[in-house]
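Data file: coords19.cif. Format and content: mmCIF, C-alpha atoms and all ligand atoms.
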```cif
data_query
loop_
_atom_site.group_PDB
_atom_site.id
_atom_site.type_symbol
_atom_site.label_atom_id
_atom_site.label_comp_id
_atom_site.auth_asym_id
_atom_site.auth_seq_id
_atom_site.Cartn_x
_atom_site.Cartn_y
_atom_site.Cartn_z
ATOM 1 C CA MET A 33 102.948 114.963 115.022
ATOM 2 C CA GLU A 34 100.770 111.962 114.162
ATOM 3 C CA GLU A 35 99.988 109.311 116.787
ATOM 4 C CA PRO A 36 102.757 106.674 117.165
ATOM 5 C CA VAL A 37 102.179 103.139 115.922
ATOM 6 C CA ALA A 38 103.624 99.890 117.270
ATOM 7 C CA ILE A 39 104.205 96.698 115.293
ATOM 8 C CA LEU A 40 104.424 93.255 116.965
ATOM 9 C CA GLY A 41 106.656 91.047 114.811
ATOM 10 C CA GLY A 42 107.960 94.313 113.381
ATOM 11 C CA THR A 43 111.416 92.794 112.794
ATOM 12 C CA GLY A 44 110.029 90.746 109.881
ATOM 13 C CA LYS A 45 109.568 91.585 106.233
ATOM 14 C CA GLU A 46 106.100 93.139 106.385
ATOM 15 C CA GLY A 47 106.740 94.881 109.693
ATOM 16 C CA ARG A 48 109.905 96.539 108.416
ATOM 17 C CA GLY A 49 108.156 97.639 105.234
ATOM 18 C CA LEU A 50 105.277 99.217 107.156
ATOM 19 C CA ALA A 51 107.728 100.795 109.617
ATOM 20 C CA ALA A 52 109.806 102.277 106.799
ATOM 21 C CA ARG A 53 106.807 103.922 105.141
ATOM 22 C CA TRP A 54 105.225 105.195 108.368
ATOM 23 C CA SER A 55 108.457 106.594 109.764
ATOM 24 C CA ARG A 56 109.225 108.309 106.481
ATOM 25 C CA ALA A 57 105.791 109.951 106.703
ATOM 26 C CA GLY A 58 106.693 111.352 110.146
ATOM 27 C CA ARG A 59 105.057 108.773 112.400
ATOM 28 C CA ARG A 60 107.014 107.574 115.394
ATOM 29 C CA VAL A 61 107.194 103.790 114.966
ATOM 30 C CA VAL A 62 107.905 101.233 117.683
ATOM 31 C CA ILE A 63 109.105 97.871 116.410
ATOM 32 C CA GLY A 64 108.318 94.985 118.761
ATOM 33 C CA SER A 65 110.033 91.607 118.873
ATOM 34 C CA ARG A 66 110.265 88.586 121.136
ATOM 35 C CA ASP A 67 113.931 89.589 121.411
ATOM 36 C CA PRO A 68 114.664 93.258 122.204
ATOM 37 C CA GLU A 69 118.129 93.041 120.595
ATOM 38 C CA ARG A 70 116.547 91.992 117.291
ATOM 39 C CA ALA A 71 114.099 94.867 117.654
ATOM 40 C CA VAL A 72 116.873 97.420 118.214
ATOM 41 C CA ALA A 73 118.780 96.149 115.168
ATOM 42 C CA ALA A 74 115.644 96.222 112.978
ATOM 43 C CA ALA A 75 114.757 99.727 114.180
ATOM 44 C CA ALA A 76 118.229 100.999 113.301
ATOM 45 C CA ALA A 77 118.054 99.433 109.826
ATOM 46 C CA VAL A 78 114.601 100.883 109.144
ATOM 47 C CA ALA A 79 115.560 104.345 110.440
ATOM 48 C CA ALA A 80 118.629 104.332 108.175
ATOM 49 C CA LEU A 81 116.365 103.609 105.205
ATOM 50 C CA SER A 82 113.550 106.036 106.008
ATOM 51 C CA GLY A 83 115.315 108.816 107.908
ATOM 52 C CA GLY A 84 112.482 108.641 110.435
ATOM 53 C CA GLU A 85 112.083 107.955 114.140
ATOM 54 C CA VAL A 86 112.005 104.221 114.894
ATOM 55 C CA ALA A 87 112.478 102.502 118.263
ATOM 56 C CA GLY A 88 113.011 98.801 118.931
ATOM 57 C CA VAL A 89 111.749 97.120 122.109
ATOM 58 C CA ASP A 90 110.284 93.786 123.179
ATOM 59 C CA ASN A 91 106.689 93.013 122.236
ATOM 60 C CA ALA A 92 105.356 93.790 125.736
ATOM 61 C CA GLU A 93 106.906 97.268 125.721
ATOM 62 C CA ALA A 94 105.700 97.841 122.165
ATOM 63 C CA CYS A 95 102.098 97.157 123.244
ATOM 64 C CA ALA A 96 102.430 99.854 125.903
ATOM 65 C CA ALA A 97 104.013 102.380 123.542
ATOM 66 C CA ALA A 98 101.098 103.195 121.228
ATOM 67 C CA ASP A 99 97.305 103.241 121.164
ATOM 68 C CA THR A 100 97.403 101.496 117.773
ATOM 69 C CA VAL A 101 99.252 98.182 117.577
ATOM 70 C CA VAL A 102 99.716 96.294 114.307
ATOM 71 C CA LEU A 103 100.129 92.510 114.317
ATOM 72 C CA ALA A 104 102.695 91.323 111.753
ATOM 73 C CA THR A 105 103.648 87.861 112.976
ATOM 74 C CA PRO A 106 103.167 84.617 111.057
ATOM 75 C CA PHE A 107 99.723 83.071 111.661
ATOM 76 C CA GLU A 108 101.396 80.194 113.523
ATOM 77 C CA GLY A 109 102.544 82.562 116.289
ATOM 78 C CA LEU A 110 99.469 84.773 116.397
ATOM 79 C CA ASP A 111 97.359 83.057 119.055
ATOM 80 C CA ALA A 112 100.243 82.819 121.547
ATOM 81 C CA THR A 113 101.321 86.401 120.848
ATOM 82 C CA VAL A 114 97.944 88.008 121.477
ATOM 83 C CA THR A 115 97.149 85.724 124.411
ATOM 84 C CA THR A 116 100.470 86.601 126.060
ATOM 85 C CA HIS A 117 99.929 90.338 125.573
ATOM 86 C CA ALA A 118 96.148 90.509 126.094
ATOM 87 C CA GLY A 119 96.508 92.656 129.227
ATOM 88 C CA ALA A 120 98.882 95.156 127.610
ATOM 89 C CA LEU A 121 96.637 95.371 124.518
ATOM 90 C CA ARG A 122 93.500 96.163 126.532
ATOM 91 C CA GLY A 123 91.870 99.394 125.391
ATOM 92 C CA ARG A 124 94.017 99.584 122.249
ATOM 93 C CA LEU A 125 93.178 99.359 118.562
ATOM 94 C CA VAL A 126 94.816 96.153 117.317
ATOM 95 C CA VAL A 127 95.200 95.903 113.539
ATOM 96 C CA SER A 128 95.836 92.454 112.112
ATOM 97 C CA ALA A 129 97.828 92.130 108.887
ATOM 98 C CA VAL A 130 98.116 88.397 109.469
ATOM 99 C CA ILE A 131 97.153 85.895 106.769
ATOM 100 C CA PRO A 132 96.594 82.225 107.646
ATOM 101 C CA LEU A 133 98.357 81.292 104.425
ATOM 102 C CA GLN A 134 99.038 77.798 103.111
ATOM 103 C CA VAL A 135 100.171 76.272 99.845
ATOM 104 C CA VAL A 136 97.298 74.609 97.975
ATOM 105 C CA ASP A 137 97.573 72.777 94.657
ATOM 106 C CA GLY A 138 100.718 74.622 93.656
ATOM 107 C CA GLY A 139 99.075 77.959 94.455
ATOM 108 C CA PHE A 140 97.996 79.588 97.697
ATOM 109 C CA GLY A 141 94.964 79.300 99.966
ATOM 110 C CA THR A 142 94.102 79.909 103.591
ATOM 111 C CA ILE A 143 94.109 77.633 106.609
ATOM 112 C CA PRO A 144 90.542 77.346 107.971
ATOM 113 C CA VAL A 145 90.241 79.342 111.203
ATOM 114 C CA PRO A 146 87.360 78.322 113.516
ATOM 115 C CA GLU A 147 86.744 81.980 114.474
ATOM 116 C CA GLY A 148 86.330 82.857 110.757
ATOM 117 C CA SER A 149 89.638 84.642 110.121
ATOM 118 C CA ALA A 150 92.926 85.494 111.797
ATOM 119 C CA ALA A 151 91.529 88.914 112.713
ATOM 120 C CA GLU A 152 88.435 87.376 114.328
ATOM 121 C CA LEU A 153 90.663 84.967 116.259
ATOM 122 C CA VAL A 154 92.414 88.093 117.599
ATOM 123 C CA ALA A 155 89.064 89.653 118.510
ATOM 124 C CA ALA A 156 88.028 86.466 120.323
ATOM 125 C CA ARG A 157 91.259 86.466 122.366
ATOM 126 C CA LEU A 158 91.182 90.220 123.084
ATOM 127 C CA PRO A 159 87.697 91.107 124.360
ATOM 128 C CA GLY A 160 89.131 94.283 125.904
ATOM 129 C CA SER A 161 90.602 95.592 122.620
ATOM 130 C CA ARG A 162 89.149 96.952 119.375
ATOM 131 C CA VAL A 163 90.274 94.960 116.343
ATOM 132 C CA ALA A 164 90.692 95.870 112.680
ATOM 133 C CA ALA A 165 92.032 93.979 109.645
ATOM 134 C CA ALA A 166 94.186 95.646 106.972
ATOM 135 C CA PHE A 167 97.447 95.679 104.984
ATOM 136 C CA HIS A 168 97.182 92.038 103.833
ATOM 137 C CA ASN A 169 97.457 92.893 100.160
ATOM 138 C CA ILE A 170 100.531 95.163 100.316
ATOM 139 C CA SER A 171 103.753 93.309 99.600
ATOM 140 C CA TYR A 172 106.787 94.092 101.740
ATOM 141 C CA LYS A 173 108.831 94.389 98.542
ATOM 142 C CA LEU A 174 106.789 97.381 97.402
ATOM 143 C CA LEU A 175 106.712 98.875 100.907
ATOM 144 C CA MET A 176 110.493 98.688 101.220
ATOM 145 C CA ASP A 177 111.032 100.377 97.870
ATOM 146 C CA LEU A 178 110.422 103.902 99.125
ATOM 147 C CA ASP A 179 110.747 105.324 95.600
ATOM 148 C CA HIS A 180 107.836 103.182 94.426
ATOM 149 C CA THR A 181 104.443 104.893 94.304
ATOM 150 C CA LEU A 182 101.777 102.565 95.683
ATOM 151 C CA ASP A 183 98.835 102.680 93.270
ATOM 152 C CA GLU A 184 96.822 99.958 94.936
ATOM 153 C CA ASP A 185 93.973 100.106 97.441
ATOM 154 C CA ILE A 186 94.050 98.737 100.972
ATOM 155 C CA PRO A 187 90.662 97.453 102.132
ATOM 156 C CA VAL A 188 90.118 98.034 105.859
ATOM 157 C CA ALA A 189 87.643 96.048 107.956
ATOM 158 C CA ALA A 190 86.594 96.993 111.502
ATOM 159 C CA ASP A 191 83.275 97.107 113.298
ATOM 160 C CA ALA A 192 83.481 100.759 114.337
ATOM 161 C CA GLU A 193 83.721 103.560 111.803
ATOM 162 C CA ALA A 194 86.080 105.487 114.105
ATOM 163 C CA ASP A 195 88.510 102.559 114.102
ATOM 164 C CA ARG A 196 88.340 102.244 110.320
ATOM 165 C CA GLU A 197 89.169 105.970 110.141
ATOM 166 C CA VAL A 198 92.318 105.500 112.244
ATOM 167 C CA VAL A 199 93.502 102.749 109.891
ATOM 168 C CA LEU A 200 92.641 104.791 106.789
ATOM 169 C CA GLU A 201 95.057 107.444 108.108
ATOM 170 C CA LEU A 202 97.726 104.771 108.421
ATOM 171 C CA CYS A 203 97.055 103.745 104.803
ATOM 172 C CA ARG A 204 97.461 107.375 103.760
ATOM 173 C CA ASP A 205 100.808 107.534 105.556
ATOM 174 C CA LEU A 206 101.959 104.458 103.638
ATOM 175 C CA GLY A 207 101.233 106.434 100.474
ATOM 176 C CA ALA A 208 98.277 104.227 99.512
ATOM 177 C CA ARG A 209 94.510 104.656 99.338
ATOM 178 C CA GLY A 210 92.683 102.923 102.160
ATOM 179 C CA VAL A 211 89.110 101.859 101.497
ATOM 180 C CA ALA A 212 86.650 101.312 104.350
ATOM 181 C CA ALA A 213 85.383 97.803 103.644
ATOM 182 C CA GLY A 214 82.866 97.227 106.431
ATOM 183 C CA PRO A 215 82.795 95.048 109.535
ATOM 184 C CA LEU A 216 85.450 92.689 110.845
ATOM 185 C CA SER A 217 83.414 89.709 109.620
ATOM 186 C CA LEU A 218 84.745 90.570 106.136
ATOM 187 C CA ALA A 219 88.348 89.940 107.242
ATOM 188 C CA HIS A 220 88.068 86.350 105.994
ATOM 189 C CA TYR A 221 87.771 87.655 102.438
ATOM 190 C CA LEU A 222 90.557 90.219 102.805
ATOM 191 C CA GLU A 223 92.938 87.570 104.117
ATOM 192 C CA GLY A 224 91.817 85.092 101.444
ATOM 193 C CA PHE A 225 92.167 87.538 98.595
ATOM 194 C CA THR A 226 95.883 87.796 99.257
ATOM 195 C CA ALA A 227 96.097 84.062 98.525
ATOM 196 C CA VAL A 228 94.530 84.887 95.142
ATOM 197 C CA LEU A 229 97.031 87.724 94.560
ATOM 198 C CA LEU A 230 99.994 85.508 95.442
ATOM 199 C CA THR A 231 98.750 82.788 93.088
ATOM 200 C CA LEU A 232 98.259 85.384 90.331
ATOM 201 C CA ASN A 233 101.763 86.654 90.915
ATOM 202 C CA LYS A 234 103.134 83.155 90.615
ATOM 203 C CA LEU A 235 101.213 82.441 87.394
ATOM 204 C CA HIS A 236 101.931 85.794 85.755
ATOM 205 C CA ARG A 237 105.317 86.560 87.318
ATOM 206 C CA SER A 238 103.711 89.817 88.429
ATOM 207 C CA GLN A 239 103.282 92.047 91.443
ATOM 208 C CA ALA A 240 99.495 92.399 91.236
ATOM 209 C CA GLY A 241 97.465 94.542 93.636
ATOM 210 C CA ILE A 242 93.831 95.515 94.209
ATOM 211 C CA ARG A 243 92.246 98.649 92.778
ATOM 212 C CA PHE A 244 88.525 99.258 93.374
ATOM 213 C CA THR A 245 86.641 101.133 90.686
ATOM 214 C CA GLY A 246 83.494 103.245 90.978
ATOM 215 C CA LEU A 247 84.123 104.426 94.547
ATOM 216 C CA ARG A 248 83.118 107.946 95.571
HETATM 217 N N1 LIG A 301 105.552 89.486 103.603
HETATM 218 C C1 LIG A 301 104.574 90.181 103.036
HETATM 219 O O1 LIG A 301 104.749 90.794 101.949
HETATM 220 C C2 LIG A 301 103.232 90.264 103.720
HETATM 221 C C3 LIG A 301 102.245 91.089 103.164
HETATM 222 C C4 LIG A 301 101.014 91.227 103.829
HETATM 223 C C5 LIG A 301 100.779 90.517 104.999
HETATM 224 N N2 LIG A 301 101.755 89.686 105.485
HETATM 225 C C6 LIG A 301 101.469 88.956 106.721
HETATM 226 O O2 LIG A 301 102.211 89.596 107.744
HETATM 227 C C7 LIG A 301 102.679 88.630 108.690
HETATM 228 C C8 LIG A 301 104.205 88.718 108.765
HETATM 229 O O3 LIG A 301 104.748 88.368 107.520
HETATM 230 P P1 LIG A 301 106.320 88.451 107.291
HETATM 231 O O4 LIG A 301 106.551 88.077 105.875
HETATM 232 O O5 LIG A 301 106.817 89.738 107.800
HETATM 233 O O6 LIG A 301 106.798 87.267 108.257
HETATM 234 P P2 LIG A 301 108.226 86.954 108.884
HETATM 235 O O7 LIG A 301 109.233 87.909 108.333
HETATM 236 O O8 LIG A 301 108.463 85.503 108.705
HETATM 237 O O9 LIG A 301 107.975 87.163 110.454
HETATM 238 C C9 LIG A 301 107.664 88.369 111.043
HETATM 239 C C10 LIG A 301 108.159 88.388 112.477
HETATM 240 O O10 LIG A 301 107.286 87.635 113.323
HETATM 241 C C11 LIG A 301 108.017 87.161 114.440
HETATM 242 N N3 LIG A 301 107.707 85.747 114.620
HETATM 243 C C12 LIG A 301 108.130 84.694 113.865
HETATM 244 N N4 LIG A 301 107.626 83.547 114.334
HETATM 245 C C13 LIG A 301 106.886 83.879 115.422
HETATM 246 C C14 LIG A 301 106.115 83.135 116.354
HETATM 247 N N5 LIG A 301 105.999 81.798 116.277
HETATM 248 N N6 LIG A 301 105.492 83.817 117.354
HETATM 249 C C15 LIG A 301 105.594 85.169 117.454
HETATM 250 N N7 LIG A 301 106.318 85.914 116.611
HETATM 251 C C16 LIG A 301 106.940 85.288 115.602
HETATM 252 C C17 LIG A 301 109.501 87.361 114.136
HETATM 253 O O11 LIG A 301 109.949 88.437 114.943
HETATM 254 P P3 LIG A 301 110.815 88.208 116.278
HETATM 255 O O12 LIG A 301 111.536 86.896 116.105
HETATM 256 O O13 LIG A 301 111.736 89.372 116.224
HETATM 257 O O14 LIG A 301 109.831 88.213 117.390
HETATM 258 C C18 LIG A 301 109.520 87.750 112.680
HETATM 259 O O15 LIG A 301 110.549 88.669 112.370
HETATM 260 C C19 LIG A 301 102.212 87.251 108.196
HETATM 261 O O16 LIG A 301 101.042 86.887 108.873
HETATM 262 C C20 LIG A 301 101.932 87.489 106.717
HETATM 263 O O17 LIG A 301 100.915 86.628 106.230
HETATM 264 C C21 LIG A 301 102.977 89.554 104.884
#
```
Can you give me the file's structure in the form of structure tokens?
Amino acid sequence: MEEPVAILGGTGKEGRGLAARWSRAGRRVVIGSRDPERAVAAAAAVAALSGGEVAGVDNAEACAAADTVVLATPFEGLDATVTTHAGALRGRLVVSAVIPLQVVDGGFGTIPVPEGSAAELVAARLPGSRVAAAFHNISYKLLMDLDHTLDEDIPVAADAEADREVVLELCRDLGARGVAAGPLSLAHYLEGFTAVLLTLNKLHRSQAGIRFTGLR
């Protein structure tokens, strides 16, 4: 059995999509919410879709339930969420999928973050945790369609190779190729590139993804 994974904000669109894929792959998934009743309902819905093992608890319990905790809240709630749960997240690998997204000129851009990126804001608030950035470019619509084969890459940024490896395994369990993309300081570009993808999708009425060429 693979290591369990917890998702804060796991009741939302991206969290449910990740939970559906991971639980289908045999991971035990713990969905966290500010409201445990919402978490239980989301877990039941995801388990019905994936046939996997999914629990729903409040965010504090979710932090305690797995060594790897994914952040899938809106950017607006990120700082308060990680600050509130800093103690429970100590010693854990915290993976941010959060994009500081805003509408710009009819397309999409990112809100400037003084720390450099949402993921680096997390790292600044959680000195006792390891932090990675990933999953920004995978749409919940494609994640939730379990019959859809993901043919896109997921770039993964983290300072330690061992942490990148843990997240690459999670990418594999989504059914996608993870690509180690270097240190957390690159998270700014990973978050920003999703603004490009969303703008492309709007212009071309598409569901565009990223595929790196020439990798060995
Ligand atoms: N949607 C996508 O396809 C996609 C793809 C890649 C990355 N992302 C990123 O993933 C994150 C979640 O996106 P989403 O579309 O899943 O968002 P969402 O559905 O709007 O929200 C996700 C969950 O976050 C919690 N939440 C909402 N406001 C909060 C706040 N102020 N503080 C703490 N928790 C709050 C809610 O859970 P509870 O009320 O149950 O606590 C909600 O169900 C975003 O940062 C987004 O940029 C999204």
Exercise for the section: Can you turn the PyMOL selection byres (((chain A and resi 224) around 12) and not hetatm) into a concrete residue list for this file, as a VMD selection string? Expected result: chain A and resid 129 to 134 140 to 145 148 to 151 168 to 169 218 to 223 225 to 231
Would you write out those residues with C-alpha atoms, as an mmCIF file, in the coordinates of the input?
```
data_model
loop_
_atom_site.group_PDB
_atom_site.id
_atom_site.type_symbol
_atom_site.label_atom_id
_atom_site.label_comp_id
_atom_site.auth_asym_id
_atom_site.auth_seq_id
_atom_site.Cartn_x
_atom_site.Cartn_y
_atom_site.Cartn_z
ATOM 1 C CA ALA A 129 97.828 92.130 108.887
ATOM 2 C CA VAL A 130 98.116 88.397 109.469
ATOM 3 C CA ILE A 131 97.153 85.895 106.769
ATOM 4 C CA PRO A 132 96.594 82.225 107.646
ATOM 5 C CA LEU A 133 98.357 81.292 104.425
ATOM 6 C CA GLN A 134 99.038 77.798 103.111
ATOM 7 C CA PHE A 140 97.996 79.588 97.697
ATOM 8 C CA GLY A 141 94.964 79.300 99.966
ATOM 9 C CA THR A 142 94.102 79.909 103.591
ATOM 10 C CA ILE A 143 94.109 77.633 106.609
ATOM 11 C CA PRO A 144 90.542 77.346 107.971
ATOM 12 C CA VAL A 145 90.241 79.342 111.203
ATOM 13 C CA GLY A 148 86.330 82.857 110.757
ATOM 14 C CA SER A 149 89.638 84.642 110.121
ATOM 15 C CA ALA A 150 92.926 85.494 111.797
ATOM 16 C CA ALA A 151 91.529 88.914 112.713
ATOM 17 C CA HIS A 168 97.182 92.038 103.833
ATOM 18 C CA ASN A 169 97.457 92.893 100.160
ATOM 19 C CA LEU A 218 84.745 90.570 106.136
ATOM 20 C CA ALA A 219 88.348 89.940 107.242
ATOM 21 C CA HIS A 220 88.068 86.350 105.994
ATOM 22 C CA TYR A 221 87.771 87.655 102.438
ATOM 23 C CA LEU A 222 90.557 90.219 102.805
ATOM 24 C CA GLU A 223 92.938 87.570 104.117
ATOM 25 C CA PHE A 225 92.167 87.538 98.595
ATOM 26 C CA THR A 226 95.883 87.796 99.257
ATOM 27 C CA ALA A 227 96.097 84.062 98.525
ATOM 28 C CA VAL A 228 94.530 84.887 95.142
ATOM 29 C CA LEU A 229 97.031 87.724 94.560
ATOM 30 C CA LEU A 230 99.994 85.508 95.442
ATOM 31 C CA THR A 231 98.750 82.788 93.088
#
```
To verify the selection step, state as a PyMOL selection string which residues the PyMOL selection byres (((chain A and resi 70-82) around 8) and not hetatm) yields on this input. chain A and resi 42-43+48+51-53+55-56+62-65+67-69+83-90+178
Practice problem: May I have the residues within 9 Å of Ala92 in chain A as a PyMOL selection string, using all atoms listed in the file and disregarding those fewer than 6 positions away in the same chain? | Solution: chain A and resi 40+64-66+116-117+120-121
Go through A:Val136, A:Leu175, A:Leu125, A:Ala118 one by one, measure the shortest atom-to-atom distance of each to ligand LIG 301 (chain A) using only C-alpha atoms and all ligand atoms, and give the residue with the smallest value.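 Residue with the minimum atom-to-atom distance to ligand LIG 301 (chain A): A:Leu175.
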Shell around range 237-245 of chain A at 9 Å using all atoms listed in the file, local window under 3 positions removed, as a list in words: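 In the requested format, the answer is Asn169, Ile170, Ser171, Leu174, Asp183, Glu184, Asp185, Ile186, Pro187, Val211, Thr226, Leu229, Leu230, Leu232, Asn233 and Lys234 of chain A.
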Selection dump of the PyMOL selection byres (((chain A and resi 195) around 12) and not hetatm), as a PDB file with C-alpha atoms, in the coordinates of the input:
```
ATOM      1  CA  ASP A  99      97.305 103.241 121.164  1.00  0.00           C
ATOM      2  CA  THR A 100      97.403 101.496 117.773  1.00  0.00           C
ATOM      3  CA  ARG A 124      94.017  99.584 122.249  1.00  0.00           C
ATOM      4  CA  LEU A 125      93.178  99.359 118.562  1.00  0.00           C
ATOM      5  CA  VAL A 126      94.816  96.153 117.317  1.00  0.00           C
ATOM      6  CA  VAL A 127      95.200  95.903 113.539  1.00  0.00           C
ATOM      7  CA  SER A 161      90.602  95.592 122.620  1.00  0.00           C
ATOM      8  CA  ARG A 162      89.149  96.952 119.375  1.00  0.00           C
ATOM      9  CA  VAL A 163      90.274  94.960 116.343  1.00  0.00           C
ATOM     10  CA  ALA A 164      90.692  95.870 112.680  1.00  0.00           C
ATOM     11  CA  ALA A 165      92.032  93.979 109.645  1.00  0.00           C
ATOM     12  CA  ALA A 166      94.186  95.646 106.972  1.00  0.00           C
ATOM     13  CA  VAL A 188      90.118  98.034 105.859  1.00  0.00           C
ATOM     14  CA  ALA A 189      87.643  96.048 107.956  1.00  0.00           C
ATOM     15  CA  ALA A 190      86.594  96.993 111.502  1.00  0.00           C
ATOM     16  CA  ASP A 191      83.275  97.107 113.298  1.00  0.00           C
ATOM     17  CA  ALA A 192      83.481 100.759 114.337  1.00  0.00           C
ATOM     18  CA  GLU A 193      83.721 103.560 111.803  1.00  0.00           C
ATOM     19  CA  ALA A 194      86.080 105.487 114.105  1.00  0.00           C
ATOM     20  CA  ARG A 196      88.340 102.244 110.320  1.00  0.00           C
ATOM     21  CA  GLU A 197      89.169 105.970 110.141  1.00  0.00           C
ATOM     22  CA  VAL A 198      92.318 105.500 112.244  1.00  0.00           C
ATOM     23  CA  VAL A 199      93.502 102.749 109.891  1.00  0.00           C
ATOM     24  CA  LEU A 200      92.641 104.791 106.789  1.00  0.00           C
ATOM     25  CA  GLU A 201      95.057 107.444 108.108  1.00  0.00           C
ATOM     26  CA  LEU A 202      97.726 104.771 108.421  1.00  0.00           C
ATOM     27  CA  ALA A 212      86.650 101.312 104.350  1.00  0.00           C
ATOM     28  CA  ALA A 213      85.383  97.803 103.644  1.00  0.00           C
ATOM     29  CA  GLY A 214      82.866  97.227 106.431  1.00  0.00           C
ATOM     30  CA  PRO A 215      82.795  95.048 109.535  1.00  0.00           C
ATOM     31  CA  LEU A 216      85.450  92.689 110.845  1.00  0.00           C
TER      32      LEU A 216
END
```
Item checked: Residue among A:Gly49, A:Gly119, A:Pro146, A:Gly210 lying closest to ligand LIG 301 (chain A), counting only C-alpha atoms and all ligand atoms ->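 The closest residue to ligand LIG 301 (chain A) is A:Gly49.
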Quick one: residues within 9 Å of Ala98 in chain A, all atoms listed in the file, excluding same-chain residues fewer than 2 positions away - as a PDB file with C-alpha atoms, keeping the file's coordinate frame?
```pdb
ATOM      1  CA  GLU A  35      99.988 109.311 116.787  1.00  0.00           C
ATOM      2  CA  PRO A  36     102.757 106.674 117.165  1.00  0.00           C
ATOM      3  CA  VAL A  37     102.179 103.139 115.922  1.00  0.00           C
ATOM      4  CA  ALA A  38     103.624  99.890 117.270  1.00  0.00           C
ATOM      5  CA  VAL A  61     107.194 103.790 114.966  1.00  0.00           C
ATOM      6  CA  VAL A  62     107.905 101.233 117.683  1.00  0.00           C
ATOM      7  CA  ALA A  94     105.700  97.841 122.165  1.00  0.00           C
ATOM      8  CA  CYS A  95     102.098  97.157 123.244  1.00  0.00           C
ATOM      9  CA  ALA A  96     102.430  99.854 125.903  1.00  0.00           C
ATOM     10  CA  THR A 100      97.403 101.496 117.773  1.00  0.00           C
ATOM     11  CA  VAL A 101      99.252  98.182 117.577  1.00  0.00           C
ATOM     12  CA  ARG A 124      94.017  99.584 122.249  1.00  0.00           C
TER      13      ARG A 124
END
```
Might I get the box with edges along x, y and z of the file that holds all atoms of ligand LIG 301 (chain A) listed there, padded by 5 Å on every side, given as centre and edge lengths in Å to one decimal, as AutoDock Vina command-line options?
```
--center_x 106.3 --center_y 86.5 --center_z 109.7 --size_x 21.0 --size_y 19.4 --size_z 25.5
```
